[in-house]
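Chemist: Quick one: this structure, given as structure tokens, is what I'll be asking you about.
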Amino acid sequence: MLIGLVRSRNDRARGESSLAELALLTDTAGSEPVEMELVRRERPDPATFIGKGKLAELVSISTAQGIDVVVFDNELTPAQQRNLHQAFKCDVVDRVALILDIFAQHAHTKEGMLQVELAQHRYRLPRLRGKGVELSRLGAGIGTRGPGETKLETDRRRILDRIRKIERELKDASRSRATRSKQRKRAGEPVVAIVGYTNAGKSTLFNRLTDAGVLVEDRLFATLDSTVRQLSLPHGHEILVSDTVGFVRDLPHELVEAFMSTLEEVADADLLVHLVDASDPDPDHQLRSVRIVLSEIGATDIDELVVFNKIDATDAAAEERLRALHPDAVFISAKEGDGIDELLDAIADGLNTKTVELTLHIPYARGDVLAELHEVGDVLDVEHTAEGTETTVRMPHDDANRFREFVSG
């Protein structure tokens, strides 16, 4: 059973859309949604979230339907979750726990699995605290309350130790990634990150552009582990393209925090290709949801190229509306290959406006190269060595490709 809560009649359409997405998430997690309920209530009930009367009604429906899992489209407090579990007499999870479960199923690299485990521990820790109230009720007075609290403290200490260990490992991974990023920047290789709502078709586009063979499934969060591949743009310019984890509305903060080391690749990119599912009933909501996460990871200053995908599955009126609202966007079908050449040209144009700082070693015999550098870029520093001239120069990415053989190691 899927249960959502809206505060007013005006929120009903958004609530229904969110419940429909929750159904997709539930299916991705491996469960079959059989009942969906949208509850209208001005504010959540502190004890039961939906109120005692509505709870009794839904428990009756749940019992009749033989429901074995109840999923709430909102985040529940530990107390609410415990009370609801007692009422429904089956597993009760919230949206955060559901997404964490999906991430746990789909993480394959060591780093991805560590990130998911970290998010799960951060989610469970306050719920352990709530459980401690139950444990302390084993007895009252001297000599009777120890076992429960001792178990609670042991669990908390074990989880906190594990959190610290994972954080150290992820910090090491982050440093390695930062080193690779600096090496790419020194080599003048621009990085384009494909970002977007989950199931917008990012992996399909990534495969279309790079022949990477990344797993493509018509399911939410099929891709968790970022992949980087090289791509040749028109006129022979080489760039790196990164496929990233999909975003979703109300993406749990625990996941954003845990995946920060991976999402740093997005924040370090030179250009964001923001992919949107044009066939979605509310593509503009997808845009807003992704931009909220981009803001959380400090990527709002990066140039963004909005690309509407799946135009092969979009009706003409909807496409016309999107073209009118987003005149600078590119419209493609990653599946069919439509609009890909236009997209490549748009990526090249987007990168041409960017500059990169390089340190180059120019042999004394190549004075022509040094003269050309002064023409195409801003020479920031010049140092003469025994072997040649060490030059630091800032120039457009478009020109940087021509001087790659002189990049200083």
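Letters for chains follow the order of the structure tokens (A, B, ...), residue numbers begin at 1 for each chain, and ligand numbers begin at 1 in the order shown.
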Within segment 162-376 of chain A, find each residue whose DSSP state, derived from the backbone, is strand (DSSP E), and express the selection as a ChimeraX atom specification.
Modeler: /A:191-196,227-232,238-243,271-277,304-309,330-331,355-363
Chemist: Can you tell me, as a PyMOL selection string, what residues are no more than 9 Å from Ala87 of chain A when counting only C-alpha atoms, ignoring any on the same chain fewer than 4 positions away?
Modeler: chain A and resi 55-56+59+82-83
Chemist: If you count only C-alpha atoms, which residues fall within 9 Å of segment 36-41 of chain A, apart from same-chain ones fewer than 3 positions away, as a list in words?
Modeler: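 Close residues of segment 36-41 of chain A: Met1, Leu2, Ile3, Gly4, Leu5, Val6, Arg7, Ser8, Arg9, Arg12, Gly15, Glu16, Leu19, Ala20, Ala23, Pro33, Pro44, Asp45, Ile50, Gly51, Lys54 and Leu58 of chain A.
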Chemist: Would you export the selected residues with N, CA and C atoms as a PDB file, in the first residue's frame, please?
Modeler:
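Everything below was put into out.pdb:
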```
ATOM      1  N   MET A   1       0.840  -1.189   0.000  1.00  0.00           N
ATOM      2  CA  MET A   1       0.000   0.000   0.000  1.00  0.00           C
ATOM      3  C   MET A   1       0.881   1.246   0.000  1.00  0.00           C
ATOM      4  N   LEU A   2       0.553   2.179  -0.892  1.00  0.00           N
ATOM      5  CA  LEU A   2       1.277   3.444  -0.979  1.00  0.00           C
ATOM      6  C   LEU A   2       0.402   4.555  -0.412  1.00  0.00           C
ATOM      7  N   ILE A   3       0.959   5.367   0.477  1.00  0.00           N
ATOM      8  CA  ILE A   3       0.190   6.425   1.135  1.00  0.00           C
ATOM      9  C   ILE A   3       0.933   7.752   1.005  1.00  0.00           C
ATOM     10  N   GLY A   4       0.227   8.775   0.517  1.00  0.00           N
ATOM     11  CA  GLY A   4       0.794  10.113   0.421  1.00  0.00           C
ATOM     12  C   GLY A   4      -0.066  11.091   1.192  1.00  0.00           C
ATOM     13  N   LEU A   5       0.491  12.248   1.531  1.00  0.00           N
ATOM     14  CA  LEU A   5      -0.253  13.259   2.275  1.00  0.00           C
ATOM     15  C   LEU A   5      -0.118  14.601   1.571  1.00  0.00           C
ATOM     16  N   VAL A   6      -1.253  15.287   1.370  1.00  0.00           N
ATOM     17  CA  VAL A   6      -1.243  16.643   0.811  1.00  0.00           C
ATOM     18  C   VAL A   6      -1.948  17.570   1.789  1.00  0.00           C
ATOM     19  N   ARG A   7      -1.543  18.843   1.792  1.00  0.00           N
ATOM     20  CA  ARG A   7      -2.067  19.789   2.766  1.00  0.00           C
ATOM     21  C   ARG A   7      -3.367  20.455   2.311  1.00  0.00           C
ATOM     22  N   SER A   8      -3.595  20.544   1.007  1.00  0.00           N
ATOM     23  CA  SER A   8      -4.809  21.212   0.523  1.00  0.00           C
ATOM     24  C   SER A   8      -5.251  20.597  -0.793  1.00  0.00           C
ATOM     25  N   ARG A   9      -6.448  20.985  -1.224  1.00  0.00           N
ATOM     26  CA  ARG A   9      -6.984  20.475  -2.484  1.00  0.00           C
ATOM     27  C   ARG A   9      -6.109  20.901  -3.661  1.00  0.00           C
ATOM     28  N   ARG A  12      -3.362  18.494  -4.754  1.00  0.00           N
ATOM     29  CA  ARG A  12      -3.749  17.120  -5.110  1.00  0.00           C
ATOM     30  C   ARG A  12      -3.027  16.610  -6.374  1.00  0.00           C
ATOM     31  N   GLY A  15       0.408  15.774  -5.562  1.00  0.00           N
ATOM     32  CA  GLY A  15       0.430  14.584  -4.715  1.00  0.00           C
ATOM     33  C   GLY A  15       0.224  13.312  -5.516  1.00  0.00           C
ATOM     34  N   GLU A  16      -0.699  13.365  -6.487  1.00  0.00           N
ATOM     35  CA  GLU A  16      -0.951  12.184  -7.326  1.00  0.00           C
ATOM     36  C   GLU A  16       0.262  11.853  -8.187  1.00  0.00           C
ATOM     37  N   LEU A  19       2.804  10.240  -5.958  1.00  0.00           N
ATOM     38  CA  LEU A  19       2.440   8.849  -5.660  1.00  0.00           C
ATOM     39  C   LEU A  19       2.722   7.935  -6.845  1.00  0.00           C
ATOM     40  N   ALA A  20       2.473   8.460  -8.072  1.00  0.00           N
ATOM     41  CA  ALA A  20       2.765   7.664  -9.270  1.00  0.00           C
ATOM     42  C   ALA A  20       4.260   7.364  -9.357  1.00  0.00           C
ATOM     43  N   ALA A  23       5.114   4.706  -6.930  1.00  0.00           N
ATOM     44  CA  ALA A  23       4.774   3.376  -7.464  1.00  0.00           C
ATOM     45  C   ALA A  23       5.913   2.838  -8.321  1.00  0.00           C
ATOM     46  N   PRO A  33       2.879  -2.517  -6.185  1.00  0.00           N
ATOM     47  CA  PRO A  33       1.863  -1.648  -5.574  1.00  0.00           C
ATOM     48  C   PRO A  33       0.460  -2.133  -5.934  1.00  0.00           C
ATOM     49  N   PRO A  44       0.837  16.981   9.386  1.00  0.00           N
ATOM     50  CA  PRO A  44       0.966  15.582   9.817  1.00  0.00           C
ATOM     51  C   PRO A  44       0.698  15.428  11.306  1.00  0.00           C
ATOM     52  N   ASP A  45       0.057  14.318  11.658  1.00  0.00           N
ATOM     53  CA  ASP A  45      -0.165  14.000  13.064  1.00  0.00           C
ATOM     54  C   ASP A  45       1.165  13.543  13.675  1.00  0.00           C
ATOM     55  N   ILE A  50      -1.022  10.360   9.794  1.00  0.00           N
ATOM     56  CA  ILE A  50      -2.271  10.568   9.043  1.00  0.00           C
ATOM     57  C   ILE A  50      -3.496  10.695   9.946  1.00  0.00           C
ATOM     58  N   GLY A  51      -3.319  10.614  11.253  1.00  0.00           N
ATOM     59  CA  GLY A  51      -4.450  10.730  12.175  1.00  0.00           C
ATOM     60  C   GLY A  51      -5.062   9.375  12.495  1.00  0.00           C
ATOM     61  N   LYS A  54      -8.142   8.092  10.086  1.00  0.00           N
ATOM     62  CA  LYS A  54      -7.696   7.650   8.762  1.00  0.00           C
ATOM     63  C   LYS A  54      -6.845   6.396   8.884  1.00  0.00           C
ATOM     64  N   LEU A  58      -7.419   2.825   6.919  1.00  0.00           N
ATOM     65  CA  LEU A  58      -6.419   2.228   6.033  1.00  0.00           C
ATOM     66  C   LEU A  58      -5.922   0.881   6.555  1.00  0.00           C
TER      67      LEU A  58
END
```
Chemist: Considering only C-alpha atoms, can you say which of A:Glu35, A:Glu238, A:Glu189, A:Glu167 comes closest to Phe259 of chain A?
Modeler: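 That would be A:Glu167, the residue with the smallest distance to Phe259 of chain A.
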Chemist: Can you pull out the residues contacting Gly246 of chain A? Cut-off 7 Å, using only C-alpha atoms, and skip same-chain residues under 6 positions away; I want them as a tab-separated table (two decimals) with C-alpha atoms, in the first residue's frame.
Modeler:
```
chain	number	residue	atom	x	y	z
A	195	VAL	CA	22.91	15.23	-15.32
A	196	GLY	CA	19.16	14.87	-15.03
A	197	TYR	CA	16.18	13.27	-13.38
A	198	THR	CA	16.31	9.53	-12.90
A	221	PHE	CA	18.25	4.64	-10.58
```
Chemist: Set the distance at 8 Å and use only C-alpha atoms: which residues neighbour Ile302 of chain A once local chain neighbours fewer than 6 positions away are removed? I'd like the list as a PyMOL selection string.
Modeler: chain A and resi 267+269-272
Chemist: Store the residues picked out above in a file with N, CA and C atoms, as a JSON list (two decimals), in the first residue's frame.
Modeler:
```json
[["chain", "number", "residue", "atom", "x", "y", "z"],
["A", 267, "ALA", "N", 30.33, 18.92, -10.00],
["A", 267, "ALA", "CA", 30.74, 20.28, -9.60],
["A", 267, "ALA", "C", 32.04, 20.70, -10.28],
["A", 269, "ALA", "N", 32.84, 19.83, -13.42],
["A", 269, "ALA", "CA", 32.67, 19.79, -14.88],
["A", 269, "ALA", "C", 32.77, 21.19, -15.49],
["A", 270, "ASP", "N", 33.10, 21.23, -16.78],
["A", 270, "ASP", "CA", 33.15, 22.51, -17.50],
["A", 270, "ASP", "C", 31.79, 22.86, -18.09],
["A", 271, "LEU", "N", 30.97, 21.84, -18.33],
["A", 271, "LEU", "CA", 29.64, 22.06, -18.92],
["A", 271, "LEU", "C", 28.71, 20.95, -18.44],
["A", 272, "LEU", "N", 27.48, 21.32, -18.08],
["A", 272, "LEU", "CA", 26.47, 20.34, -17.70],
["A", 272, "LEU", "C", 25.48, 20.16, -18.85]]
```
Chemist: Find the residue from A:Leu305, A:Lys151, A:Thr109, A:His253 that sits nearest to Asp345 of chain A; use only C-alpha atoms when measuring.
Modeler: A:Leu305
Chemist: Name the residues of segment 2-32 of chain A that come out as helix (DSSP H, G or I) in a backbone DSSP run; write them as a PyMOL selection string.
Modeler: chain A and resi 9-29
Chemist: Using the selection just defined, write its residues with C-alpha atoms as a PDB file, in the first residue's frame.
Modeler:
```pdb
ATOM      1  CA  ARG A   9      -6.984  20.475  -2.484  1.00  0.00           C
ATOM      2  CA  ASN A  10      -4.626  22.580  -4.632  1.00  0.00           C
ATOM      3  CA  ASP A  11      -1.797  20.154  -3.904  1.00  0.00           C
ATOM      4  CA  ARG A  12      -3.749  17.120  -5.110  1.00  0.00           C
ATOM      5  CA  ALA A  13      -2.323  17.012  -8.665  1.00  0.00           C
ATOM      6  CA  ARG A  14       1.237  17.203  -7.368  1.00  0.00           C
ATOM      7  CA  GLY A  15       0.430  14.584  -4.715  1.00  0.00           C
ATOM      8  CA  GLU A  16      -0.951  12.184  -7.326  1.00  0.00           C
ATOM      9  CA  SER A  17       2.119  12.699  -9.512  1.00  0.00           C
ATOM     10  CA  SER A  18       4.391  12.023  -6.537  1.00  0.00           C
ATOM     11  CA  LEU A  19       2.440   8.849  -5.660  1.00  0.00           C
ATOM     12  CA  ALA A  20       2.765   7.664  -9.270  1.00  0.00           C
ATOM     13  CA  GLU A  21       6.521   8.131  -8.982  1.00  0.00           C
ATOM     14  CA  LEU A  22       6.469   6.279  -5.654  1.00  0.00           C
ATOM     15  CA  ALA A  23       4.774   3.376  -7.464  1.00  0.00           C
ATOM     16  CA  LEU A  24       7.677   3.298  -9.947  1.00  0.00           C
ATOM     17  CA  LEU A  25      10.159   3.392  -7.079  1.00  0.00           C
ATOM     18  CA  THR A  26       8.333   0.547  -5.331  1.00  0.00           C
ATOM     19  CA  ASP A  27       8.342  -1.514  -8.524  1.00  0.00           C
ATOM     20  CA  THR A  28      12.071  -0.849  -8.946  1.00  0.00           C
ATOM     21  CA  ALA A  29      12.638  -2.078  -5.387  1.00  0.00           C
TER      22      ALA A  29
END
```
Chemist: Do you have the atom CA of Asp378 of chain A-atom CA of Arg394 of chain A distance handy?
Modeler: 5.1 Å
Chemist: Could you check how far atom CA of Ser31 of chain A sits from atom CA of Leu128 of chain A, in Å to one decimal?
Modeler: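 If I compute the distance from atom CA of Ser31 of chain A to atom CA of Leu128 of chain A, I get 25.6 Å.
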Chemist: Give me the residues within 9 Å of Val382 of chain A as a PDB file with N, CA and C atoms, in the first residue's frame, counting only C-alpha atoms and dropping any in the same chain fewer than 5 places off.
Modeler:
```
ATOM      1  N   THR A 389      61.212  26.720 -22.665  1.00  0.00           N
ATOM      2  CA  THR A 389      60.453  27.752 -21.970  1.00  0.00           C
ATOM      3  C   THR A 389      59.222  27.144 -21.306  1.00  0.00           C
ATOM      4  N   GLU A 390      59.112  27.326 -19.982  1.00  0.00           N
ATOM      5  CA  GLU A 390      57.904  26.900 -19.251  1.00  0.00           C
ATOM      6  C   GLU A 390      56.923  28.074 -19.257  1.00  0.00           C
ATOM      7  N   THR A 391      55.745  27.848 -19.823  1.00  0.00           N
ATOM      8  CA  THR A 391      54.789  28.935 -19.990  1.00  0.00           C
ATOM      9  C   THR A 391      53.447  28.552 -19.379  1.00  0.00           C
ATOM     10  N   THR A 392      52.893  29.433 -18.560  1.00  0.00           N
ATOM     11  CA  THR A 392      51.527  29.253 -18.057  1.00  0.00           C
ATOM     12  C   THR A 392      50.624  30.182 -18.844  1.00  0.00           C
ATOM     13  N   VAL A 393      49.602  29.621 -19.460  1.00  0.00           N
ATOM     14  CA  VAL A 393      48.746  30.403 -20.355  1.00  0.00           C
ATOM     15  C   VAL A 393      47.286  30.029 -20.149  1.00  0.00           C
TER      16      VAL A 393
END
```
Chemist: Compare A:Thr204, A:Thr355, A:Thr48, A:Thr300 by their minimum atom-to-atom distance to His85 of chain A, counting only C-alpha atoms, and give me the closest one.
Modeler: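 Smallest distance to His85 of chain A is found for A:Thr48.
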